[in-house]
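File shown: start.cif. Contents: mmCIF, C-alpha atoms.
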data_my_file
#
loop_
_atom_site.label_atom_id
_atom_site.label_comp_id
_atom_site.auth_asym_id
_atom_site.auth_seq_id
_atom_site.Cartn_x
_atom_site.Cartn_y
_atom_site.Cartn_z
CA MET Y 1 119.82 80.57 118.21
CA ALA Y 2 118.63 81.38 114.75
CA ARG Y 3 118.62 85.05 113.96
CA PRO Y 4 115.38 86.43 112.51
CA GLY Y 5 115.79 86.71 108.78
CA GLY Y 6 119.12 84.94 109.00
CA GLY Y 7 118.15 82.56 106.24
CA GLN Y 8 118.25 85.42 103.82
CA LEU Y 9 121.98 85.83 104.29
CA SER Y 10 122.52 82.89 102.00
CA MET Y 11 120.36 84.38 99.23
CA SER Y 12 121.91 85.35 95.93
CA ARG Y 13 121.89 89.00 94.98
CA SER Y 14 119.07 88.54 92.47
CA GLY Y 15 117.10 86.52 95.03
CA ARG Y 16 117.54 89.29 97.54
CA PHE Y 17 116.24 91.85 95.06
CA ALA Y 18 113.33 89.59 94.18
CA ALA Y 19 112.42 89.40 97.87
CA TRP Y 20 112.01 93.19 97.86
CA TRP Y 21 109.59 93.25 94.97
CA PRO Y 22 106.19 91.58 94.69
CA ARG Y 23 105.98 88.91 92.00
CA GLY Y 24 102.50 89.95 90.88
CA SER Y 25 99.41 90.73 92.87
CA ALA Y 26 99.01 87.12 94.05
CA ASP Y 27 102.41 87.25 95.74
CA LEU Y 28 101.11 89.51 98.50
CA GLU Y 29 97.93 87.50 98.90
CA GLU Y 30 99.40 84.10 99.60
CA GLY Y 31 99.41 82.81 103.14
CA ARG Y 32 97.00 83.80 105.85
CA GLU Y 33 95.54 87.25 106.40
CA PRO Y 34 97.61 88.49 109.34
CA ASP Y 35 96.34 90.24 112.41
CA PRO Y 36 95.13 93.61 111.07
CA ARG Y 37 97.09 95.46 113.72
CA PHE Y 38 100.32 94.14 112.23
CA THR Y 39 99.22 95.17 108.74
CA PHE Y 40 98.39 98.64 110.00
CA ALA Y 41 101.66 98.89 111.94
CA ASN Y 42 103.59 97.87 108.82
CA GLU Y 43 101.75 100.52 106.82
CA ARG Y 44 102.41 103.21 109.45
CA THR Y 45 106.08 102.35 109.51
CA PHE Y 46 106.20 102.70 105.73
CA LEU Y 47 104.43 106.06 105.95
CA ALA Y 48 106.83 107.25 108.65
CA TRP Y 49 109.79 106.38 106.41
CA SER Y 50 108.09 108.16 103.50
CA ARG Y 51 107.75 111.31 105.59
CA THR Y 52 111.40 110.99 106.57
CA ALA Y 53 112.26 110.77 102.87
CA LEU Y 54 110.19 113.88 102.16
CA ALA Y 55 111.90 115.74 105.00
CA LEU Y 56 115.29 114.86 103.53
CA VAL Y 57 114.18 116.14 100.11
CA VAL Y 58 112.97 119.40 101.66
CA ALA Y 59 116.19 119.79 103.61
CA GLY Y 60 118.30 119.20 100.52
CA LEU Y 61 116.29 121.59 98.42
CA GLY Y 62 116.40 124.21 101.17
CA ILE Y 63 120.17 123.96 101.44
CA VAL Y 64 120.67 124.38 97.69
CA GLN Y 65 118.07 127.07 97.13
CA LEU Y 66 118.03 129.15 100.27
CA LEU Y 67 121.42 129.07 101.98
CA PRO Y 68 123.96 131.73 101.04
CA PRO Y 69 126.98 130.42 99.12
CA PHE Y 70 129.93 129.19 101.17
CA PRO Y 71 133.02 131.38 100.72
CA ARG Y 72 135.76 129.55 98.78
CA VAL Y 73 133.50 126.50 98.29
CA PRO Y 74 131.31 127.41 95.32
CA VAL Y 75 129.79 123.92 95.08
CA GLY Y 76 129.33 123.64 98.84
CA ARG Y 77 125.55 123.94 98.80
CA HIS Y 78 125.18 121.31 96.11
CA LEU Y 79 127.67 119.09 97.90
CA LEU Y 80 125.39 119.14 100.94
CA GLY Y 81 121.96 119.32 99.35
CA VAL Y 82 122.06 116.91 96.42
CA PRO Y 83 123.02 113.82 98.48
CA LEU Y 84 120.13 114.52 100.83
CA ILE Y 85 117.68 114.63 97.93
CA VAL Y 86 119.10 111.41 96.49
CA LEU Y 87 118.90 109.80 99.92
CA GLY Y 88 115.23 110.79 100.07
CA ALA Y 89 114.54 108.97 96.80
CA VAL Y 90 116.51 105.92 97.91
CA LEU Y 91 114.71 105.78 101.25
CA ALA Y 92 111.31 105.89 99.55
CA ILE Y 93 112.18 102.95 97.30
CA VAL Y 94 113.78 100.91 100.07
CA ALA Y 95 110.79 101.62 102.32
CA TYR Y 96 108.54 100.06 99.70
CA GLY Y 97 110.79 97.00 99.53
CA GLU Y 98 110.75 96.71 103.31
CA TRP Y 99 106.98 96.95 103.35
CA VAL Y 100 106.74 94.13 100.79
CA ARG Y 101 109.14 91.92 102.73
CA ASN Y 102 107.42 92.56 106.05
CA GLN Y 103 103.95 92.01 104.64
CA ARG Y 104 105.03 88.76 103.03
CA ALA Y 105 106.61 87.56 106.26
CA LEU Y 106 103.48 88.47 108.22
CA ARG Y 107 101.26 86.52 105.85
CA ARG Y 108 103.51 83.46 105.95
CA GLY Y 109 104.06 83.62 109.69
CA ASP Y 110 107.81 83.94 109.16
CA PRO Y 111 110.10 85.98 111.41
CA LEU Y 112 110.27 89.61 110.35
CA PRO Y 113 113.36 90.33 108.23
CA ARG Y 114 115.99 92.74 109.48
CA SER Y 115 115.64 96.29 108.27
CA VAL Y 116 118.51 97.94 106.41
CA MET Y 117 116.95 101.38 106.51
CA PRO Y 118 118.29 102.56 109.88
CA TRP Y 119 121.77 101.57 108.68
CA ILE Y 120 121.35 103.49 105.40
CA LEU Y 121 120.03 106.56 107.19
CA ALA Y 122 122.67 106.54 109.93
CA ALA Y 123 125.56 105.98 107.52
CA THR Y 124 124.42 108.72 105.15
CA ILE Y 125 123.75 111.25 107.88
CA ALA Y 126 127.13 110.52 109.45
CA GLY Y 127 128.75 111.02 106.05
CA MET Y 128 126.83 114.24 105.54
CA ALA Y 129 127.95 115.50 108.95
CA ILE Y 130 131.57 114.89 108.00
CA ILE Y 131 131.15 116.61 104.63
CA SER Y 132 129.39 119.53 106.33
CA ALA Y 133 132.23 119.94 108.80
CA ILE Y 134 134.80 119.89 105.99
CA VAL Y 135 132.87 122.43 103.91
CA LEU Y 136 132.46 124.74 106.90
CA LEU Y 137 136.13 124.47 107.86
CA VAL Y 138 137.31 125.15 104.33
CA SER Y 139 134.96 128.11 103.94
CA ALA Y 140 136.11 129.53 107.28
CA LEU Y 141 139.83 129.32 106.44
CA ARG Y 142 141.44 132.57 105.47
CA MET L 143 109.99 106.62 116.30
CA THR L 144 107.31 104.76 114.52
CA ASP L 145 103.73 105.41 115.40
CA HIS L 146 102.91 102.08 116.89
CA GLU L 147 105.58 102.40 119.55
CA ALA L 148 103.56 104.91 121.51
CA SER L 149 100.16 103.52 120.91
CA GLY L 150 99.29 101.20 123.71
CA PRO L 151 99.26 97.45 123.80
CA GLU L 152 100.48 95.62 120.76
CA PRO L 153 100.35 91.98 119.80
CA THR L 154 103.10 89.72 121.03
CA GLY L 155 104.15 88.10 117.78
CA PRO L 156 103.78 88.51 114.05
CA GLY L 157 101.38 86.88 111.74
CA THR L 158 98.56 85.69 113.91
CA SER L 159 95.79 87.04 116.05
CA GLU L 160 97.32 85.91 119.32
CA THR L 161 97.45 88.93 121.58
CA GLY L 162 98.32 87.49 124.94
CA ALA L 163 95.03 88.71 126.32
CA SER L 164 92.95 86.53 128.56
CA GLU L 165 90.24 84.41 127.03
CA THR L 166 87.51 86.55 128.55
CA GLY L 167 86.79 89.51 126.35
CA ALA L 168 89.77 88.84 124.10
CA SER L 169 87.83 89.26 120.87
CA GLU L 170 86.35 92.48 122.13
CA THR L 171 89.81 93.82 122.96
CA GLU L 172 91.13 92.80 119.57
CA ALA L 173 88.27 94.55 117.79
CA GLY L 174 88.91 97.71 119.82
CA ASP L 175 92.65 97.61 119.14
CA ALA L 176 92.07 97.06 115.46
CA GLY L 177 89.76 100.06 115.40
CA LEU L 178 92.38 102.20 117.11
CA ALA L 179 95.05 100.88 114.77
CA LEU L 180 92.87 101.89 111.85
CA GLU L 181 92.49 105.34 113.39
CA ARG L 182 96.23 105.70 113.98
CA THR L 183 96.95 104.61 110.43
CA SER L 184 94.43 107.08 109.07
CA LEU L 185 96.10 109.84 111.07
CA SER L 186 99.45 108.75 109.73
CA TRP L 187 98.13 109.10 106.18
CA THR L 188 96.88 112.56 107.10
CA ARG L 189 100.33 113.56 108.35
CA THR L 190 101.83 112.27 105.12
CA ALA L 191 99.38 114.35 103.09
CA ILE L 192 100.27 117.40 105.19
CA SER L 193 103.96 116.71 104.57
CA PHE L 194 103.33 116.71 100.84
CA ALA L 195 101.32 119.93 101.16
CA ALA L 196 104.15 121.58 103.08
CA LEU L 197 106.68 120.52 100.48
CA GLY L 198 104.39 121.74 97.70
CA GLY L 199 104.08 125.09 99.43
CA VAL L 200 107.84 125.39 99.79
CA MET L 201 108.31 124.39 96.18
CA LEU L 202 105.87 127.07 95.00
CA LYS L 203 108.44 129.62 96.06
CA ASP L 204 111.02 128.21 93.67
CA ASN L 205 109.04 126.69 90.86
CA VAL L 206 105.32 127.28 90.54
CA ILE L 207 104.57 124.37 88.21
CA THR L 208 106.43 121.86 90.34
CA GLY L 209 104.76 123.19 93.47
CA LEU L 210 101.34 122.86 91.90
CA LEU L 211 102.14 119.33 90.74
CA ILE L 212 103.06 118.31 94.27
CA LEU L 213 100.00 120.04 95.71
CA ALA L 214 97.86 118.12 93.21
CA VAL L 215 99.04 114.86 94.78
CA VAL L 216 97.78 115.91 98.22
CA PRO L 217 94.05 115.20 97.66
CA LEU L 218 94.94 111.79 96.23
CA ILE L 219 96.99 110.87 99.29
CA TRP L 220 94.28 112.23 101.54
CA ARG L 221 91.70 110.10 99.76
CA LEU L 222 93.86 106.98 99.85
CA GLY L 223 94.28 107.31 103.58
CA ARG L 224 90.60 107.57 104.42
CA PRO L 225 89.37 104.59 106.43
CA PRO L 226 86.87 102.37 104.63
CA ARG L 227 83.28 103.26 105.39
CA SER L 228 82.08 99.85 106.42
CA GLY L 229 79.63 99.02 109.15
CA SER L 230 81.78 97.53 111.87
CA PRO L 231 85.47 98.11 112.59
CA ALA L 232 86.15 94.46 111.86
CA SER L 233 84.63 94.65 108.39
CA GLY L 234 86.77 97.65 107.53
CA LEU L 235 90.02 95.84 108.06
CA PRO L 236 92.42 95.74 105.14
CA THR L 237 93.52 92.92 102.96
CA VAL L 238 96.69 94.28 101.37
CA GLY L 239 96.66 97.86 100.13
CA ALA L 240 99.62 97.47 97.81
CA MET L 241 98.39 100.01 95.29
CA ARG L 242 98.27 102.95 97.66
CA ILE L 243 101.70 102.06 98.98
CA ARG L 244 102.99 102.16 95.42
CA VAL L 245 101.31 105.53 94.84
CA ILE L 246 103.11 107.02 97.84
CA THR L 247 106.43 105.53 96.76
CA ALA L 248 106.05 106.85 93.22
CA SER L 249 105.03 110.27 94.56
CA VAL L 250 108.03 110.58 96.87
CA VAL L 251 110.44 109.41 94.18
CA GLY L 252 108.87 111.80 91.66
CA VAL L 253 109.12 114.70 94.08
CA ALA L 254 112.74 113.82 94.80
CA LEU L 255 113.58 113.75 91.09
CA LEU L 256 111.86 117.08 90.49
CA SER L 257 113.72 118.54 93.46
CA LEU L 258 116.98 117.20 92.10
CA LEU L 259 116.33 118.85 88.75
CA ILE L 260 115.51 122.14 90.43
CA ALA L 261 118.52 121.90 92.73
CA VAL L 262 120.95 121.18 89.92
CA LEU L 263 119.50 123.19 87.05
CA GLY L 264 117.16 125.73 88.57
CA PRO L 265 118.04 129.26 89.63
CA SER L 266 118.73 129.60 93.32
CA VAL L 267 117.94 132.47 95.67
CA PRO L 268 121.08 132.64 97.78
CA GLY L 269 120.56 134.02 101.22
CA ALA L 270 116.80 133.96 100.99
CA LEU L 271 116.66 132.82 104.61
CA TYR L 272 118.10 136.16 105.69
CA ARG L 273 115.62 138.34 103.83
#
Whole structure, structure tokens version:
Amino acid sequence: MARPGGGQLSMSRSGRFAAWWPRGSADLEEGREPDPRFTFANERTFLAWSRTALALVVAGLGIVQLLPPFPRVPVGRHLLGVPLIVLGAVLAIVAYGEWVRNQRALRRGDPLPRSVMPWILAATIAGMAIISAIVLLVSALR
Amino acid sequence: MTDHEASGPEPTGPGTSETGASETGASETEAGDAGLALERTSLSWTRTAISFAALGGVMLKDNVITGLLILAVVPLIWRLGRPPRSGSPASGLPTVGAMRIRVITASVVGVALLSLLIAVLGPSVPGALYR
């Protein structure tokens, strides 16, 4: 059984990037106007990811600016906060790419492509959890 | 969780207007769902504007200019998210609102870059949570 979006696995790297970016205003107007509910759902999903990105930025800024310094780990706050802020920026850009890809697929009647965003978010948060544990352990050691 | 997951019946497949509803009253149901989808999307834009406002308020504590810049984006986002004032729900349906999506993306990336600058270069207030 063909996997949705499986055809994209054979794309070159530049082709994959091009799929995430509209090639002019006409690119998102080709095909049929999809069911408006799908367009709205795609837009809401994008907005939800944007709010997630904003929350990550706030969390990162809060860690750097408001937490007390970790004993024996002077860069601990930056180690935890800066990656969260960067992840927020990355999520916002990738969310736009996902919106473009989904909207294009909806207009063409193609299967929806697989989303990489949950993977990015899960991997980064898992990494941050490990870094947090290390920073806390080091700061707690006497 | 995305908003549409908890929002009642959804279409069964992408790209078309096939909803799986019975022939009788199908167009009426679709029009109603589209109206509700428009409402949900408008509310989602409102939540996004509130998120920006909250971040702007937090940022005011650290850096007044940056906070004001972020707060200045809030009315724009609010305005972008307003549903079109057309006669019927069907006539207010979107084509592709790529521009407002780009505005949100640029805003979030800009806010993240400003936050990064403040986090790396700006003075911090260690222990402010305990005051």
Q.
Can you spell out as a ChimeraX atom specification the set of residues that the PyMOL selection byres ((chain L and resi 187) around 9) selects in the structure I just provided?
A. /Y:44,47 /L:182-186,188-192,219-220,222-224
Please report as CSV every residue of chain Y lying within 9 Å of chain L, along with the nearest atom pair and their distance in Å (one decimal), using all atoms listed in the file.
residue,atom,partner,partner_atom,distance
Y:Ser25,CA,L:Ala240,CA,8.4
Y:Leu28,CA,L:Val238,CA,7.1
Y:Glu29,CA,L:Val238,CA,7.3
Y:Arg32,CA,L:Gly157,CA,8.0
Y:Glu33,CA,L:Thr237,CA,6.9
Y:Pro34,CA,L:Gly157,CA,4.8
Y:Asp35,CA,L:Ser159,CA,4.9
Y:Pro36,CA,L:Leu235,CA,6.3
Y:Arg37,CA,L:Ala176,CA,5.5
Y:Phe38,CA,L:Pro156,CA,6.9
Y:Thr39,CA,L:Pro236,CA,7.7
Y:Phe40,CA,L:Thr183,CA,6.2
Y:Ala41,CA,L:His146,CA,6.0
Y:Glu43,CA,L:Thr183,CA,7.3
Y:Arg44,CA,L:Thr183,CA,5.7
Y:Thr45,CA,L:Thr144,CA,5.7
Y:Phe46,CA,L:Ile243,CA,8.1
Y:Leu47,CA,L:Thr190,CA,6.8
Y:Ala48,CA,L:Thr144,CA,6.4
Y:Trp49,CA,L:Thr144,CA,8.6
Y:Ser50,CA,L:Val250,CA,7.1
Y:Arg51,CA,L:Thr190,CA,6.0
Y:Ala53,CA,L:Val250,CA,7.3
Y:Leu54,CA,L:Val250,CA,6.6
Y:Ala55,CA,L:Ser193,CA,8.0
Y:Val57,CA,L:Ala254,CA,6.0
Y:Val58,CA,L:Leu197,CA,6.5
Y:Gly60,CA,L:Ala261,CA,8.2
Y:Leu61,CA,L:Ala261,CA,6.1
Y:Gly62,CA,L:Val200,CA,8.8
Y:Val64,CA,L:Ala261,CA,5.9
Y:Gln65,CA,L:Ser266,CA,4.6
Y:Leu66,CA,L:Ala270,CA,5.0
Y:Leu67,CA,L:Gly269,CA,5.1
Y:Pro68,CA,L:Gly269,CA,4.1
Y:Pro69,CA,L:Pro268,CA,6.4
Y:His78,CA,L:Ala261,CA,7.5
Y:Gly81,CA,L:Ala261,CA,7.9
Y:Val82,CA,L:Leu258,CA,6.7
Y:Ile85,CA,L:Ala254,CA,5.9
Y:Val86,CA,L:Ala254,CA,7.0
Y:Leu87,CA,L:Ala254,CA,9.0
Y:Gly88,CA,L:Ala254,CA,6.6
Y:Ala89,CA,L:Val251,CA,4.9
Y:Val90,CA,L:Val251,CA,7.9
Y:Ala92,CA,L:Thr247,CA,5.6
Y:Ile93,CA,L:Thr247,CA,6.3
Y:Ala95,CA,L:Thr247,CA,8.1
Y:Tyr96,CA,L:Thr247,CA,6.6
Y:Trp99,CA,L:Ile243,CA,8.5
Y:Val100,CA,L:Ala240,CA,8.4
Y:Gln103,CA,L:Val238,CA,8.3
Y:Ala105,CA,L:Gly157,CA,7.6
Y:Leu106,CA,L:Gly157,CA,4.4
Y:Arg107,CA,L:Gly157,CA,5.9
Y:Arg108,CA,L:Gly157,CA,7.1
Y:Gly109,CA,L:Gly157,CA,4.7
Y:Asp110,CA,L:Gly157,CA,7.5
Y:Pro111,CA,L:Pro156,CA,7.3
Y:Leu112,CA,L:Pro156,CA,7.6
Q: Can you work out the spacing between CA of Pro83 in chain Y and CA of Ile130 in chain Y in Å, to one decimal?
A: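 Interatomic distance here is 12.8 Å.
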Q. Between CA of Leu56 in chain Y and CA of Ile125 in chain Y, what is the spacing in Å?
A.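 Interatomic distance, CA of Ile125 in chain Y to CA of Leu56 in chain Y: 10.2 Å.
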**Q.** Separation of CA of Arg104 in chain Y from CA of Trp119 in chain Y, in Å and rounded to one decimal
**A.**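 Atom-to-atom, CA of Arg104 in chain Y to CA of Trp119 in chain Y, that is 21.8 Å.
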Could you tell me, as a short mmCIF file (atom, residue, chain, number, x, y, z; two decimals) with C-alpha atoms, keeping the file's coordinate frame, exactly which residues end up selected when the PyMOL selection byres ((chain Y and resi 70) around 12) is applied to this structure?
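File written: part.cif
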data_model
loop_
_atom_site.label_atom_id
_atom_site.label_comp_id
_atom_site.auth_asym_id
_atom_site.auth_seq_id
_atom_site.Cartn_x
_atom_site.Cartn_y
_atom_site.Cartn_z
CA ILE Y 63 120.17 123.96 101.44
CA VAL Y 64 120.67 124.38 97.69
CA LEU Y 66 118.03 129.15 100.27
CA LEU Y 67 121.42 129.07 101.98
CA PRO Y 68 123.96 131.73 101.04
CA PRO Y 69 126.98 130.42 99.12
CA PRO Y 71 133.02 131.38 100.72
CA ARG Y 72 135.76 129.55 98.78
CA VAL Y 73 133.50 126.50 98.29
CA PRO Y 74 131.31 127.41 95.32
CA VAL Y 75 129.79 123.92 95.08
CA GLY Y 76 129.33 123.64 98.84
CA ARG Y 77 125.55 123.94 98.80
CA HIS Y 78 125.18 121.31 96.11
CA LEU Y 79 127.67 119.09 97.90
CA LEU Y 80 125.39 119.14 100.94
CA SER Y 132 129.39 119.53 106.33
CA ILE Y 134 134.80 119.89 105.99
CA VAL Y 135 132.87 122.43 103.91
CA LEU Y 136 132.46 124.74 106.90
CA LEU Y 137 136.13 124.47 107.86
CA VAL Y 138 137.31 125.15 104.33
CA SER Y 139 134.96 128.11 103.94
CA ALA Y 140 136.11 129.53 107.28
CA LEU Y 141 139.83 129.32 106.44
CA PRO L 268 121.08 132.64 97.78
CA GLY L 269 120.56 134.02 101.22
#
